[in-house]
>>> print(open('model.cif').read())   # mmCIF, C-alpha atoms
data_final
#
loop_
_atom_site.label_atom_id
_atom_site.label_comp_id
_atom_site.auth_asym_id
_atom_site.auth_seq_id
_atom_site.Cartn_x
_atom_site.Cartn_y
_atom_site.Cartn_z
CA MET H 1 9.59 4.77 -24.99
CA GLU H 2 12.23 7.26 -26.00
CA VAL H 3 14.05 9.45 -23.57
CA GLU H 4 12.41 12.81 -23.98
CA GLY H 5 13.43 14.51 -20.75
CA ALA H 6 15.75 16.94 -22.52
CA LYS H 7 12.85 18.85 -24.00
CA SER H 8 10.89 18.79 -20.72
CA GLN H 9 12.73 21.57 -18.96
CA SER H 10 9.86 22.93 -16.94
CA LEU H 11 6.45 22.01 -15.59
CA SER H 12 3.39 24.20 -15.78
CA LEU H 13 0.88 22.23 -13.77
CA GLU H 14 -2.24 24.20 -14.58
CA GLN H 15 -1.46 24.56 -18.30
CA ASP H 16 -0.52 20.91 -18.63
CA GLN H 17 -3.73 19.82 -16.96
CA GLU H 18 -5.79 21.99 -19.31
CA LYS H 19 -4.15 20.12 -22.18
CA GLY H 20 -4.59 16.74 -20.49
CA SER H 21 -7.19 14.13 -21.29
CA GLN H 22 -10.70 14.63 -20.01
CA ASN H 23 -11.99 11.06 -20.17
CA VAL H 24 -11.55 7.72 -21.81
CA GLY H 25 -13.58 8.76 -24.79
CA ASP H 26 -11.24 11.59 -25.84
CA GLU H 27 -9.26 11.05 -29.00
CA HIS H 28 -5.94 11.51 -27.23
CA ALA H 29 -6.94 9.98 -23.89
CA PRO H 30 -4.69 7.27 -22.42
CA HIS H 31 -5.63 3.76 -23.53
CA THR H 32 -7.27 2.12 -20.52
CA ALA H 33 -10.31 0.06 -19.58
CA HIS H 34 -10.70 1.97 -16.31
CA THR H 35 -12.19 5.39 -15.55
CA ILE H 36 -9.96 8.47 -15.49
CA ASP H 37 -10.53 12.18 -14.80
CA HIS H 38 -13.73 11.48 -12.87
CA ASP H 39 -13.42 11.54 -9.06
CA SER H 40 -13.31 14.38 -6.53
CA TRP H 41 -10.38 14.85 -4.17
CA GLN H 42 -12.72 14.27 -1.22
CA GLN H 43 -13.59 10.82 -2.56
CA VAL H 44 -9.95 9.93 -3.12
CA GLY H 45 -8.94 11.40 0.25
CA LEU H 46 -11.54 9.26 2.05
CA MET H 47 -10.37 6.22 0.12
CA LEU H 48 -6.76 6.84 1.20
CA VAL H 49 -7.71 7.36 4.85
CA THR H 50 -9.79 4.18 5.06
CA SER H 51 -7.55 2.01 2.89
CA PHE H 52 -4.36 2.81 4.82
CA ASN H 53 -6.22 2.03 8.06
CA CYS H 54 -6.82 -1.54 6.95
CA GLY H 55 -5.86 -4.76 8.71
CA TRP H 56 -2.17 -4.12 8.04
CA ILE H 57 -2.10 -1.67 10.96
CA LEU H 58 -2.70 -4.59 13.34
CA THR H 59 0.83 -5.83 12.59
CA PHE H 60 2.73 -2.56 13.03
CA SER H 61 3.12 -2.53 16.84
CA ASN H 62 5.15 -5.71 16.51
CA LEU H 63 6.94 -4.92 13.26
CA ILE H 64 7.81 -1.28 14.01
CA MET H 65 7.90 -0.56 17.73
CA VAL H 66 9.31 -3.84 19.08
CA PRO H 67 12.56 -3.65 17.04
CA LEU H 68 12.99 0.12 17.59
CA GLY H 69 11.73 0.79 21.11
CA TRP H 70 10.21 4.06 22.27
CA THR H 71 12.82 6.65 21.32
CA TRP H 72 13.85 5.37 17.91
CA GLY H 73 10.34 4.11 17.20
CA ILE H 74 8.67 7.50 17.63
CA LEU H 75 11.52 9.29 15.85
CA CYS H 76 11.40 6.95 12.84
CA LEU H 77 7.62 7.10 12.64
CA VAL H 78 7.79 10.90 12.38
CA VAL H 79 10.84 11.23 10.11
CA VAL H 80 10.02 8.38 7.72
CA GLY H 81 6.38 9.47 7.66
CA PHE H 82 7.32 13.02 6.61
CA TYR H 83 9.85 11.71 4.09
CA THR H 84 7.25 9.41 2.54
CA ALA H 85 4.70 12.22 2.38
CA TYR H 86 7.27 14.40 0.62
CA GLY H 87 8.05 11.65 -1.91
CA ASN H 88 4.38 11.32 -2.82
CA TRP H 89 3.89 15.10 -2.89
CA LEU H 90 6.80 15.38 -5.33
CA LEU H 91 5.65 12.54 -7.56
CA ALA H 92 2.16 14.03 -7.85
CA ALA H 93 3.66 17.01 -9.73
CA PHE H 94 4.76 14.78 -12.61
CA HIS H 95 1.30 13.50 -13.49
CA PHE H 96 1.53 15.89 -16.45
CA ILE H 97 4.67 16.66 -18.48
CA ASP H 98 4.48 18.76 -21.63
CA GLY H 99 0.72 18.23 -21.82
CA LYS H 100 1.04 14.44 -21.63
CA ARG H 101 -0.84 12.71 -18.82
CA PHE H 102 0.76 9.73 -17.11
CA ILE H 103 -1.83 7.43 -15.58
CA ARG H 104 0.72 4.72 -14.80
CA TYR H 105 4.00 4.98 -12.90
CA ARG H 106 5.82 2.77 -15.41
CA ASP H 107 4.75 5.05 -18.29
CA LEU H 108 6.29 8.06 -16.56
CA MET H 109 9.59 6.27 -15.97
CA GLY H 110 9.62 4.99 -19.54
CA PHE H 111 8.98 8.48 -20.90
CA THR H 112 11.83 10.00 -18.90
CA TYR H 113 14.39 7.17 -18.86
CA GLY H 114 13.47 4.70 -21.60
CA LYS H 115 12.27 1.12 -21.84
CA LYS H 116 14.66 -0.30 -19.24
CA LEU H 117 13.25 1.84 -16.44
CA TYR H 118 9.75 1.20 -17.77
CA HIS H 119 10.23 -2.54 -17.19
CA VAL H 120 12.06 -2.08 -13.86
CA THR H 121 9.22 0.08 -12.55
CA TRP H 122 6.66 -2.43 -13.83
CA ILE H 123 8.41 -5.26 -11.97
CA PHE H 124 8.90 -3.29 -8.75
CA GLN H 125 5.34 -2.02 -8.68
CA PHE H 126 3.61 -5.27 -9.54
CA LEU H 127 5.69 -7.29 -7.08
CA THR H 128 4.76 -4.75 -4.41
CA LEU H 129 1.07 -4.97 -5.23
CA LEU H 130 1.07 -8.76 -5.49
CA LEU H 131 2.81 -9.20 -2.14
CA GLY H 132 0.50 -6.61 -0.61
CA ASN H 133 -2.59 -8.47 -1.81
CA MET H 134 -1.23 -11.76 -0.46
CA GLY H 135 -0.72 -10.01 2.86
CA PHE H 136 -4.33 -8.81 2.79
CA ILE H 137 -5.52 -12.35 2.16
CA LEU H 138 -3.42 -13.61 5.07
CA LEU H 139 -4.77 -10.93 7.40
CA GLY H 140 -8.35 -11.63 6.38
CA GLY H 141 -7.82 -15.33 7.01
CA LYS H 142 -6.22 -14.56 10.36
CA ALA H 143 -9.22 -12.44 11.39
CA LEU H 144 -11.66 -15.24 10.57
CA LYS H 145 -9.57 -17.80 12.42
CA GLU H 146 -9.47 -15.54 15.50
CA ILE H 147 -13.27 -15.43 15.45
CA ASN H 148 -13.38 -19.23 15.28
CA SER H 149 -10.86 -19.45 18.13
CA GLU H 150 -13.21 -17.50 20.41
CA PHE H 151 -15.79 -20.30 20.12
CA SER H 152 -13.62 -23.37 19.71
CA ASP H 153 -10.45 -24.73 21.26
CA SER H 154 -9.72 -26.50 17.98
CA PRO H 155 -10.29 -23.95 15.20
CA LEU H 156 -10.07 -24.93 11.57
CA ARG H 157 -6.76 -24.54 9.77
CA LEU H 158 -5.75 -21.06 8.65
CA GLN H 159 -5.78 -22.18 5.01
CA PHE H 160 -9.54 -22.74 5.17
CA TYR H 161 -10.09 -19.10 6.09
CA ILE H 162 -7.54 -17.91 3.54
CA VAL H 163 -9.65 -19.54 0.81
CA ILE H 164 -12.80 -17.83 2.13
CA THR H 165 -10.99 -14.49 2.14
CA GLY H 166 -9.69 -14.93 -1.40
CA ALA H 167 -13.20 -15.78 -2.58
CA ALA H 168 -14.66 -12.69 -0.89
CA TYR H 169 -12.03 -10.46 -2.49
CA PHE H 170 -12.75 -12.01 -5.88
CA VAL H 171 -16.47 -11.29 -5.63
CA PHE H 172 -15.90 -7.66 -4.67
CA ALA H 173 -13.29 -7.11 -7.40
CA PHE H 174 -15.61 -8.64 -10.00
CA PHE H 175 -18.65 -6.52 -9.22
CA ILE H 176 -16.67 -3.36 -8.27
CA PRO H 177 -13.94 -3.52 -10.91
CA THR H 178 -12.33 -0.05 -10.69
CA ILE H 179 -11.20 2.53 -8.13
CA SER H 180 -13.90 4.97 -9.22
CA ALA H 181 -16.55 2.25 -8.78
CA MET H 182 -15.63 2.11 -5.07
CA ARG H 183 -17.38 5.44 -4.52
CA ASN H 184 -20.61 4.02 -3.09
CA TRP H 185 -18.67 1.73 -0.76
CA LEU H 186 -16.38 4.31 0.83
CA GLY H 187 -19.01 5.46 3.33
CA ALA H 188 -19.44 1.90 4.57
CA SER H 189 -15.66 1.50 4.67
CA ALA H 190 -15.32 4.67 6.77
CA ILE H 191 -17.92 3.42 9.27
CA LEU H 192 -16.24 0.01 9.50
CA THR H 193 -12.79 1.58 9.87
CA LEU H 194 -13.83 3.94 12.64
CA SER H 195 -15.79 1.20 14.42
CA TYR H 196 -13.04 -1.39 14.65
CA ILE H 197 -10.35 1.15 15.53
CA VAL H 198 -12.44 2.71 18.33
CA LEU H 199 -13.23 -0.71 19.77
CA LEU H 200 -9.58 -1.69 19.48
CA LEU H 201 -8.37 1.45 21.20
CA ILE H 202 -10.81 0.95 24.09
CA VAL H 203 -9.46 -2.55 24.77
CA LEU H 204 -5.84 -1.41 24.35
CA VAL H 205 -6.27 1.32 26.96
CA LYS H 206 -7.97 -1.14 29.34
CA ASP H 207 -5.26 -3.77 28.88
CA GLY H 208 -2.47 -1.23 29.11
CA LYS H 209 -3.71 0.06 32.45
CA ALA H 210 -4.17 -3.47 33.79
CA ASN H 211 -0.73 -4.65 32.62
CA SER H 212 1.75 -3.32 35.18
CA ASP H 213 4.55 -5.66 34.13
CA LYS H 214 5.26 -4.38 30.64
CA ASN H 215 8.73 -4.94 29.21
CA TYR H 216 10.02 -2.64 26.45
CA GLU H 217 13.52 -4.07 26.19
CA ILE H 218 14.85 -4.68 22.69
CA SER H 219 16.14 -8.24 22.57
CA GLY H 220 18.85 -9.83 20.44
CA SER H 221 22.49 -9.25 19.61
CA GLU H 222 23.70 -5.90 18.32
CA VAL H 223 23.81 -7.23 14.75
CA ARG H 224 20.28 -8.60 15.00
CA LYS H 225 19.04 -5.29 16.43
CA VAL H 226 20.45 -3.40 13.46
CA PHE H 227 18.87 -5.74 10.91
CA ASN H 228 15.56 -5.70 12.74
CA ALA H 229 15.66 -1.89 12.83
CA PHE H 230 15.94 -1.75 9.03
CA GLY H 231 13.02 -4.16 8.83
CA ALA H 232 11.02 -1.77 11.02
CA ILE H 233 11.84 1.13 8.69
CA SER H 234 10.48 -0.96 5.79
CA ALA H 235 7.27 -1.49 7.73
CA ILE H 236 6.91 2.27 8.36
CA ILE H 237 7.18 2.88 4.61
CA VAL H 238 4.49 0.26 4.01
CA ALA H 239 2.30 2.00 6.59
CA ASN H 240 2.48 5.28 4.66
CA THR H 241 2.51 4.49 0.95
CA GLY H 242 1.57 1.87 -1.62
CA GLY H 243 3.64 2.73 -4.69
CA LEU H 244 0.58 3.47 -6.85
CA LEU H 245 0.11 7.23 -6.54
CA LEU H 246 -0.09 8.02 -10.26
CA GLU H 247 -2.66 5.28 -10.81
CA ILE H 248 -4.83 6.74 -8.04
CA GLN H 249 -4.23 10.28 -9.33
CA SER H 250 -5.45 9.28 -12.79
CA THR H 251 -9.00 8.98 -11.44
CA LEU H 252 -9.05 12.60 -10.22
CA ARG H 253 -10.75 15.47 -11.97
CA LYS H 254 -8.61 18.45 -13.00
CA PRO H 255 -6.62 20.11 -11.59
CA ALA H 256 -5.29 16.63 -10.84
CA VAL H 257 -2.05 17.76 -9.17
CA LYS H 258 -3.72 20.09 -6.68
CA ASN H 259 -6.49 17.60 -6.02
CA MET H 260 -4.04 14.76 -5.44
CA ARG H 261 -2.13 16.84 -2.94
CA LYS H 262 -5.36 17.71 -1.13
CA ALA H 263 -6.14 13.99 -0.90
CA LEU H 264 -2.62 13.33 0.41
CA TYR H 265 -3.12 15.97 3.11
CA SER H 266 -6.15 13.97 4.27
CA GLN H 267 -4.11 10.78 4.49
CA TYR H 268 -1.14 12.33 6.29
CA THR H 269 -3.27 14.18 8.85
CA VAL H 270 -6.50 12.30 9.61
CA GLY H 271 -5.34 8.92 8.38
CA VAL H 272 -1.95 8.91 10.08
CA MET H 273 -3.51 9.72 13.47
CA PHE H 274 -5.36 6.43 13.42
CA TYR H 275 -2.73 4.00 12.13
CA TYR H 276 0.09 5.59 14.13
CA GLY H 277 -2.19 5.73 17.17
CA VAL H 278 -2.92 2.00 17.01
CA THR H 279 0.77 1.25 16.42
CA VAL H 280 1.96 3.21 19.46
CA LEU H 281 -0.88 2.26 21.79
CA GLY H 282 -0.52 -1.44 21.00
CA TYR H 283 3.14 -1.31 21.96
CA TRP H 284 2.33 0.67 25.12
CA ALA H 285 -0.29 -1.89 26.18
CA TYR H 286 1.72 -5.09 25.69
CA GLY H 287 5.36 -4.05 25.37
CA SER H 288 7.79 -6.30 23.54
CA LEU H 289 5.32 -9.21 23.85
CA VAL H 290 2.84 -7.60 21.45
CA SER H 291 1.75 -10.09 18.81
CA SER H 292 2.38 -9.81 15.07
CA TYR H 293 -1.43 -9.78 14.85
CA LEU H 294 -2.61 -7.37 17.54
CA PRO H 295 -6.09 -8.87 18.24
CA GLU H 296 -4.37 -12.02 19.56
CA ASN H 297 -3.37 -9.96 22.62
CA LEU H 298 -6.82 -8.54 23.39
CA SER H 299 -8.17 -9.58 26.79
CA GLY H 300 -11.81 -9.29 25.80
CA PRO H 301 -14.64 -9.33 26.45
CA ARG H 302 -15.27 -11.98 23.83
CA TRP H 303 -17.87 -9.96 21.93
CA ILE H 304 -15.36 -7.14 21.35
CA ASN H 305 -12.70 -9.57 20.13
CA VAL H 306 -15.19 -11.12 17.71
CA LEU H 307 -16.48 -7.74 16.56
CA VAL H 308 -12.99 -6.28 15.98
CA ASN H 309 -11.97 -9.24 13.84
CA ALA H 310 -15.29 -9.38 11.97
CA ILE H 311 -15.29 -5.66 11.15
CA ASN H 312 -11.61 -5.81 10.20
CA PHE H 313 -12.36 -8.64 7.77
CA LEU H 314 -15.27 -6.77 6.17
CA GLN H 315 -13.26 -3.56 5.94
CA SER H 316 -10.37 -5.37 4.26
CA ILE H 317 -12.65 -6.55 1.44
CA ILE H 318 -13.09 -2.91 0.42
CA SER H 319 -9.66 -1.49 1.29
CA GLN H 320 -7.62 -4.22 -0.45
CA HIS H 321 -9.19 -3.25 -3.76
CA MET H 322 -7.34 0.07 -4.00
CA PHE H 323 -3.92 -1.52 -3.53
CA VAL H 324 -4.33 -4.01 -6.35
CA ALA H 325 -6.17 -1.73 -8.82
CA PRO H 326 -3.14 -1.14 -11.13
CA ILE H 327 -2.87 -4.88 -11.78
CA HIS H 328 -6.60 -5.08 -12.49
CA GLU H 329 -6.28 -2.10 -14.85
CA THR H 330 -3.46 -3.75 -16.78
CA LEU H 331 -5.29 -7.06 -17.13
CA ASP H 332 -8.62 -5.42 -17.99
CA THR H 333 -7.05 -3.16 -20.62
CA LYS H 334 -5.35 -6.15 -22.22
CA PHE H 335 -8.19 -8.68 -22.18
CA LEU H 336 -11.42 -6.64 -22.25
CA ASP H 337 -13.02 -4.66 -25.05
CA ILE H 338 -12.65 -1.13 -23.67
CA LYS H 339 -15.30 0.22 -26.04
CA LYS H 340 -17.96 -1.78 -24.19
CA GLY H 341 -19.14 -1.91 -20.60
CA MET H 342 -17.09 -4.03 -18.24
CA HIS H 343 -20.07 -6.25 -17.36
CA SER H 344 -21.58 -6.45 -20.84
CA GLY H 345 -21.59 -9.49 -23.09
CA GLU H 346 -18.18 -11.04 -23.71
CA ASN H 347 -16.51 -8.68 -21.20
CA PHE H 348 -18.57 -10.25 -18.40
CA LYS H 349 -17.05 -13.67 -19.04
CA ARG H 350 -13.55 -12.31 -19.59
CA LEU H 351 -13.67 -10.23 -16.41
CA PHE H 352 -14.85 -13.25 -14.42
CA LEU H 353 -11.99 -15.34 -15.79
CA VAL H 354 -9.32 -12.64 -15.28
CA ARG H 355 -10.36 -11.95 -11.68
CA GLY H 356 -10.74 -15.66 -10.95
CA VAL H 357 -7.26 -16.59 -12.18
CA PHE H 358 -5.67 -13.66 -10.33
CA PHE H 359 -7.23 -14.33 -6.92
CA SER H 360 -6.86 -18.11 -7.23
CA GLY H 361 -3.12 -17.72 -7.74
CA ASN H 362 -2.69 -15.18 -4.95
CA THR H 363 -4.77 -17.23 -2.54
CA LEU H 364 -2.73 -20.35 -3.25
CA VAL H 365 0.57 -18.56 -2.61
CA ALA H 366 -0.77 -16.90 0.56
CA ALA H 367 -1.93 -20.29 1.88
CA ALA H 368 1.44 -21.88 1.12
CA PHE H 369 3.53 -19.10 2.73
CA PRO H 370 1.64 -17.78 5.79
CA PHE H 371 4.52 -15.71 7.14
CA MET H 372 2.79 -12.39 7.66
CA GLY H 373 5.62 -10.21 8.91
CA ASP H 374 7.91 -11.24 6.08
CA PHE H 375 5.49 -9.88 3.51
CA VAL H 376 5.49 -6.45 5.15
CA ASN H 377 9.28 -6.15 5.37
CA LEU H 378 9.92 -7.48 1.87
CA LEU H 379 7.20 -5.20 0.53
CA GLY H 380 8.86 -2.10 1.94
CA SER H 381 12.44 -2.96 1.06
CA PHE H 382 13.63 -3.63 -2.47
CA SER H 383 10.55 -2.23 -4.26
CA LEU H 384 8.75 0.45 -2.23
CA VAL H 385 11.91 2.34 -1.25
CA PRO H 386 12.95 3.17 -4.83
CA LEU H 387 9.35 3.71 -5.94
CA THR H 388 8.76 6.19 -3.13
CA PHE H 389 12.08 8.02 -2.77
CA MET H 390 14.51 7.31 -5.60
CA PHE H 391 12.38 7.43 -8.76
CA PRO H 392 10.58 10.77 -8.04
CA SER H 393 13.95 12.49 -7.56
CA MET H 394 15.26 10.85 -10.73
CA VAL H 395 12.29 12.27 -12.64
CA PHE H 396 12.92 15.70 -11.14
CA ILE H 397 16.57 15.63 -12.28
CA LYS H 398 15.54 14.63 -15.81
CA VAL H 399 12.61 17.02 -16.19
CA LYS H 400 13.70 20.09 -14.22
CA GLY H 401 17.43 19.56 -13.81
CA LYS H 402 18.44 22.26 -16.31
CA ILE H 403 16.49 25.03 -14.59
CA ALA H 404 16.71 23.84 -10.96
CA THR H 405 19.05 25.53 -8.50
CA ARG H 406 22.26 23.82 -7.42
CA GLU H 407 20.80 23.25 -3.96
CA LYS H 408 17.71 21.50 -5.33
CA LYS H 409 19.77 19.28 -7.60
CA ALA H 410 22.06 18.39 -4.71
CA TRP H 411 19.04 17.52 -2.56
CA HIS H 412 17.59 15.20 -5.18
CA TRP H 413 20.93 13.51 -5.82
CA PHE H 414 21.15 12.95 -2.07
CA ASN H 415 17.67 11.34 -2.17
CA ILE H 416 18.75 9.05 -5.01
CA ILE H 417 21.96 7.90 -3.31
CA PHE H 418 20.43 7.61 0.15
CA SER H 419 17.41 5.64 -1.06
CA PHE H 420 19.70 3.32 -3.05
CA LEU H 421 21.69 2.51 0.09
CA LEU H 422 18.48 2.17 2.11
CA THR H 423 17.12 -0.26 -0.47
CA ILE H 424 20.19 -2.48 -0.08
CA ALA H 425 20.08 -2.40 3.72
CA THR H 426 16.35 -3.06 4.07
CA THR H 427 16.39 -5.81 1.44
CA ILE H 428 19.19 -7.65 3.24
CA SER H 429 17.19 -7.34 6.45
CA ALA H 430 14.03 -8.68 4.79
CA VAL H 431 15.80 -11.62 3.15
CA ARG H 432 17.47 -12.47 6.46
CA LEU H 433 14.09 -12.54 8.20
CA ILE H 434 12.59 -14.76 5.50
CA VAL H 435 15.48 -17.23 5.81
CA ASP H 436 14.95 -17.35 9.58
CA ASN H 437 11.24 -18.05 9.21
CA ILE H 438 11.69 -20.68 6.53
CA GLN H 439 13.72 -22.61 9.09
CA LYS H 440 10.84 -22.36 11.58
CA TYR H 441 7.82 -22.93 9.38
CA HIS H 442 6.79 -25.28 6.60
CA PHE H 443 4.64 -24.89 3.51
CA PHE H 444 0.91 -24.57 4.28
CA ALA H 445 1.70 -24.10 7.96
CA ASP H 446 -1.25 -23.50 10.26
CA ALA H 447 0.37 -20.29 11.56
#
>>> encode(input="model.cif", output="structure tokens")
Amino acid sequence: MEVEGAKSQSLSLEQDQEKGSQNVGDEHAPHTAHTIDHDSWQQVGLMLVTSFNCGWILTFSNLIMVPLGWTWGILCLVVVGFYTAYGNWLLAAFHFIDGKRFIRYRDLMGFTYGKKLYHVTWIFQFLTLLLGNMGFILLGGKALKEINSEFSDSPLRLQFYIVITGAAYFVFAFFIPTISAMRNWLGASAILTLSYIVLLLIVLVKDGKANSDKNYEISGSEVRKVFNAFGAISAIIVANTGGLLLEIQSTLRKPAVKNMRKALYSQYTVGVMFYYGVTVLGYWAYGSLVSSYLPENLSGPRWINVLVNAINFLQSIISQHMFVAPIHETLDTKFLDIKKGMHSGENFKRLFLVRGVFFSGNTLVAAAFPFMGDFVNLLGSFSLVPLTFMFPSMVFIKVKGKIATREKKAWHWFNIIFSFLLTIATTISAVRLIVDNIQKYHFFADA
């Protein structure tokens, strides 16, 4: 991983993509067990829309709007949303540099800044994806427990449902091992996503109209309000990005840059309407008393509560797969024979073992630390902020710094400095929240 940015003074997106790898079988194609250069932008766009409207959105009314209130909440949703979209739009341009295709974020950072940034990016990204998958497992377990609670005053412990969720995710990841393999499941995911969100919105409107005593006051001391506000900003970043854009982009057919940006337009138009809509409407309906898991507030009827949680659980089985795909790709490339089919012969047993070990470990950690909100804030603080804002501007400075205007260079240096300070502030906020919750909860708590 040598620093080669000095010779990369300009980007020609179309020319670079013509030189780029066509598929895994090409002589100069990137070494990977997963499919590249295969999917349409419509497929990837639908995947982004459905995946970002997963069960995580049921936590955002509490994590975003309660600490910020109406004015700052709406303002931050808009500003941080646009800023995140810009960061991803910028990063998509660097999928090709000098004819070389980067299918992994860490490879791009290693190419431009050397081995140290390669390893830093690897750590940041994989911690983000691991924590995100644990959060998915927690949310899936929470949905199943809510269903049980509708029929019993003494539901089983949360850990029981966490194990069921982890097992369901394992089965899906084993039989549908790659992002491209999700193609036949995206239609079902879209139907499930639309169904549970429509049902949820109907109940939220009903409850909001019936609740005439809503309180939107932001509680706590001034210091606590500031820390909680930074935690809310972290949650907004989590709502809008996953830190795996290049890995998703690698599956796209050429021109991969234009197609990735078309897919991003789908996410930040159609997709954002749904997850921002649920976030805002949940806060409107229940005020500062909105739960960290929104279905806990629903007034019913019972069949809608059960259906919302059941559909959310089923949808999460599909949507979680996208957010953990880079880890699967790394493990599969290392342990499988990439010249053979993923479910053939020895690869079948290796894939079963790799997926089993991964989901067993994540399920165990999720069961031991069921503090849902902490995962979201930590996820968006020390890792997602630099991955989304700082690193793309650093790549721009290295690759295009010699030909860029003074204004553009100043803008990207501002992004680097600002995102560095934001990383510090949001990380302190996240750690503070974790310390507070450790004092309240215990390991394997039935939260």
>>> closest_residue(input="model.cif", among="H:Leu199, H:Leu387, H:Leu298, H:Met47", to="H:His321", atoms="all atoms listed in the file")
H:Met47
>>> closest_residue(input="model.cif", among="H:Ser149, H:Thr35, H:Gln267, H:Thr165", to="H:Asn53", atoms="only C-alpha atoms")
H:Gln267
>>> atom_distance(input="model.cif", atom1="atom CA of H:Asn62", atom2="atom CA of H:Ser292")
5.2 Å
>>> closest_residue(input="model.cif", among="H:Thr330, H:Thr251, H:Asn415, H:Ser429", to="H:Trp122", atoms="all atoms listed in the file")
H:Thr330
>>> atom_distance(input="model.cif", atom1="atom CA of H:Leu294", atom2="atom CA of H:Leu314")
17.0 Å
>>> resolve_selection(input="model.cif", expression="the PyMOL selection byres ((chain H and resi 310) around 12)", output="VMD selection string")
chain H and resid 55 139 to 148 150 165 192 to 193 195 to 196 199 295 303 to 309 311 to 317
>>> resolve_selection(input="model.cif", expression="the PyMOL selection byres ((chain H and resi 423) around 10)", output="count of residues only")
23
>>> closest_residue(input="model.cif", among="H:Thr59, H:Ser221, H:Asn215, H:Gln43", to="H:Phe371", atoms="only C-alpha atoms")
H:Thr59
>>> atom_distance(input="model.cif", atom1="atom CA of H:Ala210", atom2="atom CA of H:Cys54")
27.0 Å
>>> residues_around(input="model.cif", residues="H:Leu331", least_positions_apart="4", cutoff="12 Å", atoms="only C-alpha atoms", output="list in words")
Thr32, Ala33, His34, Phe126, Pro177, Thr178, Val324, Ala325, Pro326, Ile327, Phe335, Leu336, Asp337, Ile338, Arg350, Leu351, Phe352, Leu353, Val354, Arg355, Gly356, Val357 and Phe358 of chain H
>>> closest_residue(input="model.cif", among="H:Val280, H:Leu138, H:Ile36, H:Ala368", to="H:Glu329", atoms="all atoms listed in the file")
H:Ile36
>>> closest_residue(input="model.cif", among="H:Gly114, H:Gly242, H:Gly87, H:Gly345", to="H:Lys398", atoms="all atoms listed in the file")
H:Gly114
>>> resolve_selection(input="model.cif", expression="the PyMOL selection byres ((chain H and resi 216) around 6)", output="list in words")
Asn215, Glu217, Gly287 and Ser288 of chain H
>>> residues_around(input="model.cif", residues="H:Leu63", least_positions_apart="5", cutoff="8 Å", atoms="all atoms listed in the file", output="PDB file with C-alpha atoms, in the coordinates of the input")
ATOM      1  CA  GLY H 231      13.020  -4.160   8.830  1.00  0.00           C
ATOM      2  CA  ALA H 232      11.020  -1.770  11.020  1.00  0.00           C
ATOM      3  CA  ALA H 235       7.270  -1.490   7.730  1.00  0.00           C
ATOM      4  CA  SER H 292       2.380  -9.810  15.070  1.00  0.00           C
ATOM      5  CA  GLY H 373       5.620 -10.210   8.910  1.00  0.00           C
TER       6      GLY H 373
END
>>> residues_near_point(input="model.cif", point="(5.8, -21.1, 2.3)", cutoff="10 Å", atoms="only C-alpha atoms", output="JSON, numbers by chain")
{"H": [365, 366, 367, 368, 369, 370, 371, 434, 437, 438, 441, 442, 443, 444, 445]}
>>> residues_near_point(input="model.cif", point="(3.2, -1.3, 34.7)", cutoff="10 Å", atoms="all atoms listed in the file", output="list of chain:residue names")
H:Gly208, H:Lys209, H:Ala210, H:Asn211, H:Ser212, H:Asp213, H:Lys214, H:Asn215, H:Trp284, H:Ala285, H:Tyr286, H:Gly287
